[in-house]
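A.B. asks: Got a structure for you, questions after.
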Amino acid sequence: MKAPIFDARRLTVIACLLLVGCTPAASGSSTPSSSSAPVATPSSAPVATPSPSPSPDAAEIDFDRFTDIYVGMTFAEASAASGIAIQGEAMCPWFANIVVDDPVGLYVGTVSPIEAAGSEIWFFRMLWLDDPALAPADLPSTTEGITIGSTQAEVVAAYPSATLTTVDDISRGTRTFYLVPGPSDLTLIFDIQSGLVSEITWGKRLTYGPPGEVCAL
């Protein structure tokens, strides 16, 4: 199971580079001088302490959120919370991208009502357009550590209530996914490709599985 090391700071950099075109400032680094290295003595030797376990709050994905963006927020509220300009697409204003990383093939978007575009986030979707087996370890993950490239066994171990479902998607053909019910009618869905998670959809209004093409809702 992969450790969730993708953080909101990287998310902001990705969005800044690809959506705005700005260049993040490079951070400086320093090399400690060998003459300043402390000399350990029996009385001053540090005592090793175990590292704290990652907090579930540090994960990017939960039933009702992606980083600081929550189900129920407007696109404007989501923009203010994340620091990213979240705007509906011209062809389908009810859908907005949050992360667009073309070189990697990673996309995270959000869907709102068609009749009131941007008024309320219903659900999120994370797409990975390459072989899931090639997914890097630092992609966004759920509070249980599931991300693109996780195995079916890992999904079931993390979410014992997951139900394996197959549907005929009019836009993408037959799809197999695990559907995980959550609190307050929220749902997590893990699409499976060759035994690995290839796509994640989460939020509300997903009782019958994720739509294949969000711009054709």
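Lettering and numbering for the structure tokens are positional, with chains as A, B, ... in the shown order, residues counted from 1 in each chain, and ligands counted from 1 in the shown order.
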Excluding Ala135 of chain A and residues on its chain fewer than 5 positions from it, collect all residues at most 8 Å away from it, counting only C-alpha atoms, and give them as a list in words.

C.D. replies: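 Listing them by chain and then by number gives Asp130, Ile148 and Gly149 of chain A.
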
A.B. asks: With N, CA and C atoms kept, could you save the residues just selected as a tab-separated table (two decimals), in the first residue's frame?

C.D. replies:
```
chain	number	residue	atom	x	y	z
A	130	ASP	N	-2.43	6.61	-17.91
A	130	ASP	CA	-1.35	5.69	-18.27
A	130	ASP	C	-1.60	4.36	-17.57
A	148	ILE	N	-4.05	5.60	-7.18
A	148	ILE	CA	-3.85	4.96	-8.48
A	148	ILE	C	-2.72	3.95	-8.35
A	149	GLY	N	-2.96	2.73	-8.82
A	149	GLY	CA	-1.95	1.69	-8.74
A	149	GLY	C	-2.13	0.75	-7.56
```

A.B. asks: When you look at Phe177 of chain A with a cut-off of 10 Å (counting only C-alpha atoms), what residues show up, excluding the ones that are within fewer than 6 positions of it in the same chain? I need them as an mmCIF file with N, CA and C atoms, in the first residue's frame.

C.D. replies:
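This is the output file part_4.cif:
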```cif
data_model
loop_
_atom_site.group_PDB
_atom_site.id
_atom_site.type_symbol
_atom_site.label_atom_id
_atom_site.label_comp_id
_atom_site.auth_asym_id
_atom_site.auth_seq_id
_atom_site.Cartn_x
_atom_site.Cartn_y
_atom_site.Cartn_z
ATOM 1 N N GLN A 152 -6.480 -4.601 -6.021
ATOM 2 C CA GLN A 152 -7.830 -4.932 -5.556
ATOM 3 C C GLN A 152 -7.796 -5.429 -4.118
ATOM 4 N N ALA A 162 -16.585 -2.575 0.592
ATOM 5 C CA ALA A 162 -16.548 -2.317 -0.848
ATOM 6 C C ALA A 162 -17.271 -3.417 -1.615
ATOM 7 N N THR A 163 -18.041 -3.011 -2.616
ATOM 8 C CA THR A 163 -18.785 -3.946 -3.467
ATOM 9 C C THR A 163 -18.262 -3.856 -4.898
ATOM 10 N N LEU A 164 -17.880 -5.004 -5.467
ATOM 11 C CA LEU A 164 -17.391 -5.036 -6.842
ATOM 12 C C LEU A 164 -18.572 -4.959 -7.797
ATOM 13 N N THR A 165 -18.536 -4.004 -8.709
ATOM 14 C CA THR A 165 -19.663 -3.731 -9.599
ATOM 15 C C THR A 165 -19.174 -3.608 -11.036
ATOM 16 N N THR A 166 -19.988 -4.073 -11.975
ATOM 17 C CA THR A 166 -19.689 -3.926 -13.401
ATOM 18 C C THR A 166 -20.866 -3.251 -14.087
ATOM 19 N N VAL A 167 -20.573 -2.238 -14.907
ATOM 20 C CA VAL A 167 -21.622 -1.529 -15.633
ATOM 21 C C VAL A 167 -21.206 -1.371 -17.092
ATOM 22 N N ILE A 189 -15.488 5.501 -5.146
ATOM 23 C CA ILE A 189 -15.509 4.525 -6.230
ATOM 24 C C ILE A 189 -14.108 4.378 -6.802
ATOM 25 N N PHE A 190 -13.642 3.122 -6.897
ATOM 26 C CA PHE A 190 -12.311 2.826 -7.416
ATOM 27 C C PHE A 190 -12.454 2.001 -8.701
ATOM 28 N N ASP A 191 -12.212 2.616 -9.847
ATOM 29 C CA ASP A 191 -12.206 1.863 -11.112
ATOM 30 C C ASP A 191 -11.002 0.936 -11.143
ATOM 31 N N ILE A 192 -11.205 -0.254 -11.712
ATOM 32 C CA ILE A 192 -10.159 -1.273 -11.744
ATOM 33 C C ILE A 192 -9.759 -1.578 -13.179
ATOM 34 N N GLN A 193 -8.458 -1.576 -13.417
ATOM 35 C CA GLN A 193 -7.906 -1.939 -14.728
ATOM 36 C C GLN A 193 -6.747 -2.900 -14.504
ATOM 37 N N VAL A 197 -6.115 -0.096 -9.305
ATOM 38 C CA VAL A 197 -6.956 1.108 -9.336
ATOM 39 C C VAL A 197 -6.437 2.034 -10.430
ATOM 40 N N SER A 198 -7.334 2.420 -11.343
ATOM 41 C CA SER A 198 -6.943 3.285 -12.453
ATOM 42 C C SER A 198 -7.630 4.647 -12.412
ATOM 43 N N GLU A 199 -8.646 4.779 -11.550
ATOM 44 C CA GLU A 199 -9.434 6.008 -11.487
ATOM 45 C C GLU A 199 -10.178 6.032 -10.158
ATOM 46 N N ILE A 200 -10.358 7.213 -9.581
ATOM 47 C CA ILE A 200 -11.092 7.333 -8.321
ATOM 48 C C ILE A 200 -12.133 8.436 -8.462
ATOM 49 N N GLY A 209 -22.866 4.467 -9.555
ATOM 50 C CA GLY A 209 -21.572 4.453 -10.209
ATOM 51 C C GLY A 209 -21.276 5.773 -10.896
ATOM 52 N N PRO A 210 -20.011 6.019 -11.235
ATOM 53 C CA PRO A 210 -19.616 7.295 -11.830
ATOM 54 C C PRO A 210 -20.030 7.378 -13.293
#
```

A.B. asks: If we count only C-alpha atoms, what is near segment 110-114 of chain A at a cut-off of 10 Å, once residues fewer than 3 positions away on the same chain are taken out, given as a short mmCIF file (atom, residue, chain, number, x, y, z; two decimals) with C-alpha atoms, in the first residue's frame?

C.D. replies:
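The result, written out as out.cif:
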```
data_model
loop_
_atom_site.label_atom_id
_atom_site.label_comp_id
_atom_site.auth_asym_id
_atom_site.auth_seq_id
_atom_site.Cartn_x
_atom_site.Cartn_y
_atom_site.Cartn_z
CA PHE A 66 -10.08 16.84 -2.03
CA ILE A 69 -12.04 21.63 -1.15
CA VAL A 71 -18.50 18.71 -1.30
CA GLY A 72 -21.11 21.46 -1.07
CA MET A 73 -18.72 24.34 -1.73
CA THR A 74 -19.29 26.65 -4.68
CA PHE A 75 -16.51 26.96 -7.25
CA ILE A 86 -11.43 26.85 -10.17
CA GLN A 87 -13.63 27.72 -13.15
CA GLY A 88 -16.09 25.72 -15.22
CA CYS A 92 -19.51 22.26 -19.83
CA PRO A 93 -19.45 24.97 -17.13
CA TRP A 94 -20.65 22.53 -14.46
CA PHE A 95 -17.26 20.76 -14.64
CA ALA A 96 -13.99 22.34 -13.45
CA ASN A 97 -10.44 21.04 -13.35
CA ILE A 98 -8.46 21.34 -10.14
CA VAL A 99 -5.27 19.54 -11.20
CA ALA A 117 -23.07 25.43 -12.73
CA GLY A 118 -20.54 26.11 -10.00
CA SER A 119 -23.18 26.52 -7.29
CA GLU A 120 -22.38 23.33 -5.35
CA ILE A 121 -19.69 20.69 -5.72
CA TRP A 122 -21.27 17.25 -6.05
CA PHE A 123 -18.29 14.99 -6.57
CA PHE A 124 -14.64 14.74 -7.60
CA ARG A 125 -12.83 12.54 -10.08
CA MET A 126 -9.13 11.66 -10.37
CA THR A 201 -14.44 9.13 -8.05
CA TRP A 202 -15.89 10.35 -4.75
CA GLY A 203 -18.59 12.57 -3.28
CA VAL A 214 -18.83 14.27 -17.07
CA CYS A 215 -19.27 16.79 -19.88
CA ALA A 216 -22.19 14.74 -21.21
CA LEU A 217 -24.22 14.52 -18.00
#
```

A.B. asks: Please indicate the distance in Å from atom CA of Tyr159 of chain A to atom CA of Leu196 of chain A, rounded to one decimal place.

C.D. replies: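 Distance reported for this atom pair: 15.0 Å.
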
A.B. asks: List every residue of segment 38-151 of chain A that DSSP, applied to the backbone of this structure, assigns to helix (DSSP H, G or I), and report them as a PyMOL selection string.

C.D. replies: chain A and resi 56-58+75-82+132-134

A.B. asks: Let's have the selection written as a PDB file, in the first residue's frame, with N, CA and C atoms.

C.D. replies:
```pdb
ATOM      1  N   PRO A  56      -4.714  10.900   9.389  1.00  0.00           N
ATOM      2  CA  PRO A  56      -5.662  10.794   8.271  1.00  0.00           C
ATOM      3  C   PRO A  56      -5.981  12.149   7.657  1.00  0.00           C
ATOM      4  N   ASP A  57      -5.913  13.220   8.442  1.00  0.00           N
ATOM      5  CA  ASP A  57      -6.206  14.543   7.924  1.00  0.00           C
ATOM      6  C   ASP A  57      -5.193  14.987   6.881  1.00  0.00           C
ATOM      7  N   ALA A  58      -4.007  14.327   6.860  1.00  0.00           N
ATOM      8  CA  ALA A  58      -2.969  14.699   5.903  1.00  0.00           C
ATOM      9  C   ALA A  58      -3.245  14.125   4.523  1.00  0.00           C
ATOM     10  N   PHE A  75     -17.821  26.861  -6.613  1.00  0.00           N
ATOM     11  CA  PHE A  75     -16.510  26.960  -7.247  1.00  0.00           C
ATOM     12  C   PHE A  75     -15.737  28.147  -6.673  1.00  0.00           C
ATOM     13  N   ALA A  76     -16.437  29.238  -6.374  1.00  0.00           N
ATOM     14  CA  ALA A  76     -15.777  30.417  -5.804  1.00  0.00           C
ATOM     15  C   ALA A  76     -15.219  30.109  -4.420  1.00  0.00           C
ATOM     16  N   GLU A  77     -15.987  29.413  -3.597  1.00  0.00           N
ATOM     17  CA  GLU A  77     -15.514  29.040  -2.265  1.00  0.00           C
ATOM     18  C   GLU A  77     -14.334  28.081  -2.353  1.00  0.00           C
ATOM     19  N   ALA A  78     -14.395  27.149  -3.305  1.00  0.00           N
ATOM     20  CA  ALA A  78     -13.298  26.203  -3.497  1.00  0.00           C
ATOM     21  C   ALA A  78     -12.033  26.922  -3.943  1.00  0.00           C
ATOM     22  N   SER A  79     -12.184  27.938  -4.777  1.00  0.00           N
ATOM     23  CA  SER A  79     -11.030  28.730  -5.213  1.00  0.00           C
ATOM     24  C   SER A  79     -10.395  29.437  -4.033  1.00  0.00           C
ATOM     25  N   ALA A  80     -11.221  30.023  -3.175  1.00  0.00           N
ATOM     26  CA  ALA A  80     -10.706  30.737  -2.006  1.00  0.00           C
ATOM     27  C   ALA A  80     -10.024  29.780  -1.034  1.00  0.00           C
ATOM     28  N   ALA A  81     -10.583  28.588  -0.866  1.00  0.00           N
ATOM     29  CA  ALA A  81     -10.031  27.624   0.087  1.00  0.00           C
ATOM     30  C   ALA A  81      -8.710  27.035  -0.387  1.00  0.00           C
ATOM     31  N   SER A  82      -8.579  26.826  -1.696  1.00  0.00           N
ATOM     32  CA  SER A  82      -7.399  26.153  -2.233  1.00  0.00           C
ATOM     33  C   SER A  82      -6.338  27.100  -2.766  1.00  0.00           C
ATOM     34  N   PRO A 132      -1.743   1.895 -14.795  1.00  0.00           N
ATOM     35  CA  PRO A 132      -1.714   2.089 -13.330  1.00  0.00           C
ATOM     36  C   PRO A 132      -0.465   1.520 -12.673  1.00  0.00           C
ATOM     37  N   ALA A 133       0.126   0.493 -13.283  1.00  0.00           N
ATOM     38  CA  ALA A 133       1.330  -0.099 -12.710  1.00  0.00           C
ATOM     39  C   ALA A 133       2.514   0.866 -12.747  1.00  0.00           C
ATOM     40  N   LEU A 134       2.413   1.921 -13.579  1.00  0.00           N
ATOM     41  CA  LEU A 134       3.495   2.884 -13.708  1.00  0.00           C
ATOM     42  C   LEU A 134       3.267   4.138 -12.866  1.00  0.00           C
TER      43      LEU A 134
END
```

A.B. asks: Could you jot down the atom CA of Pro183 of chain A to atom CA of Ala158 of chain A separation for me, Å, one decimal place?

C.D. replies: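 Answer for the atom CA of Pro183 of chain A to atom CA of Ala158 of chain A separation: 16.1 Å.
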
A.B. asks: Nearest residue to Val180 of chain A out of A:Tyr107, A:Trp128, A:Tyr70, A:Tyr208, using only C-alpha atoms?

C.D. replies: A:Tyr208

A.B. asks: Considering only C-alpha atoms, state which residue in the set A:Val155, A:Leu106, A:Ala116, A:Leu188 is at the smallest distance from Leu129 of chain A.

C.D. replies: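 Checking each of A:Val155, A:Leu106, A:Ala116, A:Leu188 against Leu129 of chain A, counting only C-alpha atoms, the winner is A:Leu106.
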